[in-house]
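Peer 1: Structure file upload_6.pdb, PDB, C-alpha atoms, is pasted below:
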MODEL        1
ATOM      1  CA  MET Z  28       0.000   0.000   0.000
ATOM      2  CA  LYS Z  29       2.804   2.428   0.886
ATOM      3  CA  GLU Z  30       4.486   1.764  -2.453
ATOM      4  CA  LYS Z  31       1.228   2.547  -4.238
ATOM      5  CA  VAL Z  32       0.820   5.810  -2.315
ATOM      6  CA  ASP Z  33       4.411   6.802  -3.074
ATOM      7  CA  TYR Z  34       3.833   5.979  -6.729
ATOM      8  CA  LEU Z  35       0.649   8.053  -6.969
ATOM      9  CA  THR Z  36       2.113  11.032  -5.106
ATOM     10  CA  GLY Z  37       5.255  11.233  -7.236
ATOM     11  CA  PHE Z  38       3.664  13.628  -9.700
ATOM     12  CA  VAL Z  39       2.444  15.767  -6.803
ATOM     13  CA  ALA Z  40       6.016  16.137  -5.633
ATOM     14  CA  ALA Z  41       6.975  17.224  -9.146
ATOM     15  CA  PHE Z  42       4.370  19.995  -8.874
ATOM     16  CA  LYS Z  43       5.298  21.073  -5.353
ATOM     17  CA  GLU Z  44       9.022  21.058  -6.108
ATOM     18  CA  GLN Z  45       8.565  22.447  -9.640
ATOM     19  CA  ILE Z  46      10.459  19.591 -11.265
ATOM     20  CA  HIS Z  47      10.581  19.882 -15.083
ATOM     21  CA  THR Z  48       7.584  22.215 -15.220
ATOM     22  CA  ASP Z  49       6.982  23.500 -18.744
ATOM     23  CA  ILE Z  50       4.230  26.110 -18.497
ATOM     24  CA  HIS Z  51       3.039  28.877 -16.161
ATOM     25  CA  ILE Z  52      -0.594  29.470 -15.162
ATOM     26  CA  LYS Z  53      -1.374  33.041 -14.169
ATOM     27  CA  PRO Z  54      -4.294  34.055 -11.916
ATOM     28  CA  GLY Z  55      -6.196  37.330 -12.016
ATOM     29  CA  ASN Z  56      -5.415  40.498 -10.061
ATOM     30  CA  ASN Z  57      -1.783  40.450 -11.235
ATOM     31  CA  GLY Z  58      -0.987  37.505  -8.968
ATOM     32  CA  PRO Z  59       2.228  35.556  -9.517
ATOM     33  CA  SER Z  60       2.110  32.723 -12.049
ATOM     34  CA  ILE Z  61       2.407  29.085 -10.932
ATOM     35  CA  PRO Z  62       4.717  26.642 -12.781
ATOM     36  CA  THR Z  63       3.011  23.400 -13.761
ATOM     37  CA  HIS Z  64       2.960  20.610 -16.361
ATOM     38  CA  ARG Z  65       1.033  21.054 -19.589
ATOM     39  CA  ASP Z  66       0.473  17.307 -20.089
ATOM     40  CA  LEU Z  67      -1.374  17.016 -16.800
ATOM     41  CA  LEU Z  68      -3.510  20.081 -17.529
ATOM     42  CA  ALA Z  69      -4.416  18.713 -20.953
ATOM     43  CA  ALA Z  70      -5.333  15.334 -19.452
ATOM     44  CA  ARG Z  71      -7.573  16.867 -16.785
ATOM     45  CA  SER Z  72      -9.503  19.412 -18.887
ATOM     46  CA  VAL Z  73     -10.443  19.338 -22.560
ATOM     47  CA  ILE Z  74     -10.989  23.104 -22.473
ATOM     48  CA  ILE Z  75      -7.508  23.772 -21.151
ATOM     49  CA  LYS Z  76      -6.163  21.249 -23.675
ATOM     50  CA  ASN Z  77      -7.711  23.321 -26.451
ATOM     51  CA  MET Z  78      -6.128  26.436 -24.980
ATOM     52  CA  LEU Z  79      -2.743  24.720 -24.955
ATOM     53  CA  ASP Z  80      -3.238  23.628 -28.567
ATOM     54  CA  SER Z  81      -3.561  27.244 -29.704
ATOM     55  CA  ASP Z  82      -0.721  28.676 -31.755
ATOM     56  CA  GLU Z  83       0.732  30.824 -28.965
ATOM     57  CA  CYS Z  84       0.954  27.831 -26.612
ATOM     58  CA  LYS Z  85       2.055  25.099 -29.001
ATOM     59  CA  ALA Z  86       5.784  25.749 -28.839
ATOM     60  CA  PRO Z  87       7.130  24.072 -25.666
ATOM     61  CA  SER Z  88       8.622  26.725 -23.430
ATOM     62  CA  ASP Z  89       8.924  27.199 -19.714
ATOM     63  CA  HIS Z  90       8.031  30.837 -20.349
ATOM     64  CA  THR Z  91       4.612  30.079 -21.893
ATOM     65  CA  ILE Z  92       1.900  31.667 -19.775
ATOM     66  CA  VAL Z  93      -1.811  30.785 -19.755
ATOM     67  CA  SER Z  94      -4.124  33.095 -17.820
ATOM     68  CA  LEU Z  95      -7.133  32.025 -15.773
ATOM     69  CA  PRO Z  96      -8.175  35.557 -14.781
ATOM     70  CA  GLU Z  97     -11.342  34.575 -12.884
ATOM     71  CA  LEU Z  98      -9.266  32.884 -10.168
ATOM     72  CA  SER Z  99      -7.220  34.458  -7.405
ATOM     73  CA  TYR Z 100      -3.773  33.089  -6.623
ATOM     74  CA  GLU Z 101      -5.088  30.954  -3.726
ATOM     75  CA  GLU Z 102      -7.995  29.653  -5.820
ATOM     76  CA  LEU Z 103      -5.676  28.781  -8.711
ATOM     77  CA  ASP Z 104      -3.249  27.034  -6.375
ATOM     78  CA  SER Z 105      -6.161  24.999  -4.964
ATOM     79  CA  LEU Z 106      -7.363  24.130  -8.461
ATOM     80  CA  LEU Z 107      -3.928  22.896  -9.497
ATOM     81  CA  GLU Z 108      -3.522  20.939  -6.271
ATOM     82  CA  PHE Z 109      -6.804  19.165  -6.984
ATOM     83  CA  LEU Z 110      -5.820  18.420 -10.585
ATOM     84  CA  TYR Z 111      -2.678  16.718  -9.299
ATOM     85  CA  THR Z 112      -4.106  14.926  -6.262
ATOM     86  CA  GLY Z 113      -7.857  14.503  -6.804
ATOM     87  CA  GLU Z 114      -8.586  15.923  -3.358
ATOM     88  CA  LEU Z 115      -8.134  18.978  -1.138
ATOM     89  CA  PRO Z 116      -7.800  19.613   2.605
ATOM     90  CA  LYS Z 117     -11.197  20.345   4.140
ATOM     91  CA  GLU Z 118     -10.310  23.902   5.138
ATOM     92  CA  LYS Z 119      -9.062  24.801   1.670
ATOM     93  CA  LEU Z 120     -12.064  23.215  -0.041
ATOM     94  CA  ALA Z 121     -14.543  24.984   2.244
ATOM     95  CA  LYS Z 122     -12.854  28.331   1.594
ATOM     96  CA  HIS Z 123     -12.744  28.045  -2.201
ATOM     97  CA  VAL Z 124     -15.608  25.668  -3.004
ATOM     98  CA  TYR Z 125     -17.633  28.170  -5.016
ATOM     99  CA  ALA Z 126     -14.718  29.473  -7.093
ATOM    100  CA  LEU Z 127     -13.611  25.901  -7.742
ATOM    101  CA  SER Z 128     -17.094  24.830  -8.798
ATOM    102  CA  LEU Z 129     -17.188  27.688 -11.297
ATOM    103  CA  ALA Z 130     -13.788  26.680 -12.641
ATOM    104  CA  ALA Z 131     -14.874  23.037 -12.845
ATOM    105  CA  ASP Z 132     -17.934  24.048 -14.842
ATOM    106  CA  LYS Z 133     -16.079  26.452 -17.142
ATOM    107  CA  TYR Z 134     -13.151  24.150 -17.888
ATOM    108  CA  GLU Z 135     -15.224  20.938 -17.937
ATOM    109  CA  ILE Z 136     -13.697  19.060 -15.018
ATOM    110  CA  PRO Z 137     -16.626  16.797 -13.985
ATOM    111  CA  PHE Z 138     -14.931  15.118 -11.039
ATOM    112  CA  LEU Z 139     -14.082  18.463  -9.446
ATOM    113  CA  LEU Z 140     -17.633  19.696  -9.995
ATOM    114  CA  THR Z 141     -19.063  16.625  -8.258
ATOM    115  CA  TYR Z 142     -16.502  17.034  -5.480
ATOM    116  CA  CYS Z 143     -17.621  20.647  -4.917
ATOM    117  CA  GLU Z 144     -21.317  19.777  -5.010
ATOM    118  CA  CYS Z 145     -20.785  17.097  -2.369
ATOM    119  CA  GLU Z 146     -18.958  19.597  -0.167
ATOM    120  CA  THR Z 147     -21.749  22.152  -0.601
ATOM    121  CA  LEU Z 148     -24.365  19.593   0.439
ATOM    122  CA  ARG Z 149     -22.254  18.361   3.342
ATOM    123  CA  SER Z 150     -21.640  21.840   4.746
ATOM    124  CA  LEU Z 151     -25.116  23.299   4.283
ATOM    125  CA  ASN Z 152     -26.849  24.407   7.474
ATOM    126  CA  THR Z 153     -29.162  27.211   8.528
ATOM    127  CA  ALA Z 154     -26.179  29.493   9.112
ATOM    128  CA  THR Z 155     -24.483  28.950   5.729
ATOM    129  CA  ALA Z 156     -27.391  28.369   3.333
ATOM    130  CA  LEU Z 157     -28.020  32.077   2.721
ATOM    131  CA  ASP Z 158     -24.304  32.618   2.104
ATOM    132  CA  ASN Z 159     -24.410  29.926  -0.572
ATOM    133  CA  LEU Z 160     -27.501  31.495  -2.133
ATOM    134  CA  GLU Z 161     -25.969  34.984  -2.109
ATOM    135  CA  MET Z 162     -22.593  33.965  -3.500
ATOM    136  CA  PRO Z 163     -23.721  33.633  -7.148
ATOM    137  CA  GLU Z 164     -24.923  37.244  -7.058
ATOM    138  CA  THR Z 165     -21.343  38.466  -6.797
ATOM    139  CA  HIS Z 166     -20.114  36.502  -9.813
ATOM    140  CA  PRO Z 167     -20.872  37.352 -13.465
ATOM    141  CA  ASN Z 168     -21.225  33.664 -14.393
ATOM    142  CA  PRO Z 169     -23.081  32.038 -11.501
ATOM    143  CA  HIS Z 170     -23.236  28.292 -11.110
ATOM    144  CA  ILE Z 171     -26.957  27.518 -11.253
ATOM    145  CA  LYS Z 172     -26.765  24.007  -9.742
ATOM    146  CA  LEU Z 173     -25.208  25.216  -6.475
ATOM    147  CA  LYS Z 174     -27.763  28.012  -6.236
ATOM    148  CA  GLU Z 175     -30.573  25.477  -6.646
ATOM    149  CA  ILE Z 176     -29.095  23.310  -3.891
ATOM    150  CA  ALA Z 177     -29.009  26.271  -1.500
ATOM    151  CA  MET Z 178     -32.557  27.376  -2.404
ATOM    152  CA  SER Z 179     -33.985  23.890  -1.822
ATOM    153  CA  PHE Z 180     -32.344  23.712   1.600
ATOM    154  CA  ILE Z 181     -33.650  27.168   2.575
ATOM    155  CA  ILE Z 182     -37.217  26.314   1.590
ATOM    156  CA  GLU Z 183     -37.059  23.074   3.568
ATOM    157  CA  HIS Z 184     -35.794  24.950   6.667
ATOM    158  CA  ILE Z 185     -37.593  28.248   6.121
ATOM    159  CA  LYS Z 186     -38.956  28.446   9.691
ATOM    160  CA  ASP Z 187     -35.431  28.393  11.111
ATOM    161  CA  ILE Z 188     -34.095  30.935   8.618
ATOM    162  CA  VAL Z 189     -36.704  33.586   7.851
ATOM    163  CA  ASN Z 190     -36.724  35.304  11.265
ATOM    164  CA  THR Z 191     -32.970  35.730  11.540
ATOM    165  CA  PRO Z 192     -30.834  38.883  11.195
ATOM    166  CA  ARG Z 193     -28.970  37.150   8.362
ATOM    167  CA  PHE Z 194     -32.199  36.811   6.345
ATOM    168  CA  ASP Z 195     -33.011  40.483   7.002
ATOM    169  CA  ALA Z 196     -29.569  41.432   5.707
ATOM    170  CA  LEU Z 197     -30.056  39.340   2.578
ATOM    171  CA  ALA Z 198     -33.501  40.881   1.958
ATOM    172  CA  ALA Z 199     -32.081  44.383   2.265
ATOM    173  CA  LYS Z 200     -29.171  43.709  -0.082
ATOM    174  CA  TYR Z 201     -30.870  41.359  -2.557
ATOM    175  CA  PRO Z 202     -34.654  41.842  -2.294
ATOM    176  CA  HIS Z 203     -35.243  39.720  -5.413
ATOM    177  CA  LEU Z 204     -33.691  36.724  -3.635
ATOM    178  CA  ALA Z 205     -35.914  37.204  -0.588
ATOM    179  CA  LEU Z 206     -38.946  37.446  -2.894
ATOM    180  CA  GLN Z 207     -37.921  34.283  -4.715
ATOM    181  CA  ILE Z 208     -37.506  32.438  -1.413
ATOM    182  CA  MET Z 209     -41.006  33.411  -0.314
ATOM    183  CA  LYS Z 210     -42.558  32.547  -3.693
ATOM    184  CA  ASP Z 211     -40.900  29.137  -3.784
ATOM    185  CA  THR Z 212     -41.821  28.486  -0.153
ATOM    186  CA  PHE Z 213     -45.512  29.171  -0.773
ATOM    187  CA  ALA Z 214     -45.431  27.172  -4.007
ATOM    188  CA  ALA Z 215     -43.940  24.081  -2.363
ATOM    189  CA  PRO Z 216     -46.983  23.133  -0.203
ATOM    190  CA  ASN Z 217     -49.296  23.686  -3.176
ATOM    191  CA  LYS Z 218     -47.277  21.261  -5.271
ATOM    192  CA  LYS Z 219     -47.451  18.649  -2.496
ATOM    193  CA  ARG Z 220     -51.179  19.293  -2.042
ATOM    194  CA  LYS Z 221     -51.856  18.842  -5.777
ATOM    195  CA  LEU Z 222     -49.846  15.634  -5.716
ATOM    196  CA  ARG Z 223     -51.862  14.299  -2.763
ATOM    197  CA  ILE Z 224     -55.154  15.223  -4.474
ATOM    198  CA  GLY Z 225     -54.054  13.497  -7.671
ATOM    199  CA  VAL Z 226     -53.028  10.349  -5.810
ATOM    200  CA  GLY Z 227     -56.291  10.316  -3.854
ATOM    201  CA  ARG Z 228     -58.366  10.695  -7.012
ATOM    202  CA  LYS Z 229     -56.516   7.827  -8.695
ATOM    203  CA  ARG Z 230     -57.198   5.596  -5.673
ATOM    204  CA  LYS Z 231     -60.920   6.409  -5.758
ATOM    205  CA  LEU Z 232     -61.157   5.682  -9.452
ATOM    206  CA  ARG Z 233     -59.225   2.427  -8.981
ATOM    207  CA  PHE Z 234     -61.809   1.162  -6.476
ATOM    208  CA  GLY Z 235     -64.778   2.401  -8.511
ATOM    209  CA  VAL Z 236     -65.396   5.446  -6.347
ATOM    210  CA  GLY Z 237     -65.676   8.782  -8.039
ATOM    211  CA  PRO Z 238     -67.773  10.719 -10.487
ATOM    212  CA  HIS Z 239     -70.283   8.660 -12.407
ATOM    213  CA  VAL Z 240     -71.227   9.459 -15.998
TER
ENDMDL
END
The structure given in the file should be rewritten as structure tokens.
Peer 2:
Amino acid sequence: MKEKVDYLTGFVAAFKEQIHTDIHIKPGNNGPSIPTHRDLLAARSVIIKNMLDSDECKAPSDHTIVSLPELSYEELDSLLEFLYTGELPKEKLAKHVYALSLAADKYEIPFLLTYCECETLRSLNTATALDNLEMPETHPNPHIKLKEIAMSFIIEHIKDIVNTPRFDALAAKYPHLALQIMKDTFAAPNKKRKLRIGVGRKRKLRFGVGPHV
């Protein structure tokens, strides 16, 4: 088992120690670029592979720079760590889960997207659900799936959330979100009620009870 772990972590060491790196990935906000390996990037993301196949990136050079401007330095470092290892420390994942989910969606990295969705579901509670709902509002390309997860949780726990200072703050800053929460909350019981009525009617008709022609 130890030999297998050592074998699988060898490439991680190459990343951490910058052994034979052949490309630099640059974050936004003029952050420093991070040396990495183009073959690994191409294997992990078809979108990044296409970027690397462009004319300006084709010639192998340690000075080739590819920009991912939507990510900060810490977010980019976390993304690269995941691409090499397939996992992240809990603290780092919790801190960057939304940015990483956006990157996973944009660059078509399905495993990372699933990883982030699982973390979002695992960490959702009445204190964090509104944060998860609000987060897409600050990004120009919101990830709809994560917003839907947060909204479903809020509706299910609306009694514990609606009378809190955090909900009041959200309503003041994003009134359209508060309105959507209330609309979806009122719509949910109606959907269940219609379902129950439909099931009851089918049962009556099955046993010959119901309107007669």
Peer 1: Of the candidates Z:Pro137, Z:Pro202, Z:Glu102, Z:His184, which one gets nearest to Glu161 (chain Z) if we count all atoms listed in the file?
Peer 2: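 Using all atoms listed in the file, the shortest distance to Glu161 (chain Z) belongs to Z:Pro202.
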Peer 1: Exactly which residues make up the result of the PyMOL selection byres ((chain Z and resi 73-79) around 12) on this file, given as a ChimeraX atom specification?
Peer 2: /Z:49-52,64-72,80-88,91-95,110,130-137
Peer 1: Using all atoms listed in the file, can you tell me which of Z:Asp104, Z:Glu175, Z:Glu44, Z:Glu146 comes closest to Leu120 (chain Z)?
Peer 2: Z:Glu146
Peer 1: May I have the residues within 10 Å of region 209-213 of chain Z as a ChimeraX atom specification, using only C-alpha atoms and disregarding those fewer than 2 positions away in the same chain?
Peer 2: /Z:178-179,181-185,189,203-207,215-218
Peer 1: For CA of Thr147 (chain Z) and CA of Phe42 (chain Z), quote the distance in Å rounded to one decimal.
Peer 2: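 Computing it gives 27.5 Å between the two atoms.
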Peer 1: If you measure from CA of Asn56 (chain Z) to CA of Lys200 (chain Z), what distance in Å do you get, rounded to one decimal?
Peer 2: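 Separating CA of Asn56 (chain Z) from CA of Lys200 (chain Z) is a distance of 26.0 Å.
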Peer 1: Write out as number ranges by chain each polymer residue whose atoms come within 12 Å of Thr155 (chain Z), counting only C-alpha atoms; drop sequence neighbours fewer than 4 positions from it.
Peer 2: Z: 121, 147-151, 159-162, 177-178, 180-181, 188, 193-194
Peer 1: Distance CA of Ile61 (chain Z)-CA of Glu97 (chain Z), one decimal place?
Peer 2: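 We find that CA of Ile61 (chain Z) and CA of Glu97 (chain Z) lie 14.9 Å from each other.
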Peer 1: Give as number ranges by chain the residues that the PyMOL selection byres ((chain Z and resi 144) around 10) matches when applied to the coordinates above.
Peer 2: Z: 124-125, 128, 138-143, 145-150, 172-173, 176
Peer 1: Phe109 (chain Z): which residues within 10 Å, counting all atoms listed in the file, same-chain residues fewer than 3 positions away excluded, as JSON, numbers by chain?
Peer 2: {"Z": [39, 103, 104, 105, 106, 112, 113, 114, 115, 116, 120, 127, 138, 139]}
Peer 1: Around the point (6.3, 17.0, -10.9) (coordinates from the file), which residues reach within 10 Å if we count only C-alpha atoms? Answer as a PyMOL selection string.
Peer 2: chain Z and resi 36-48+62-64+67+111
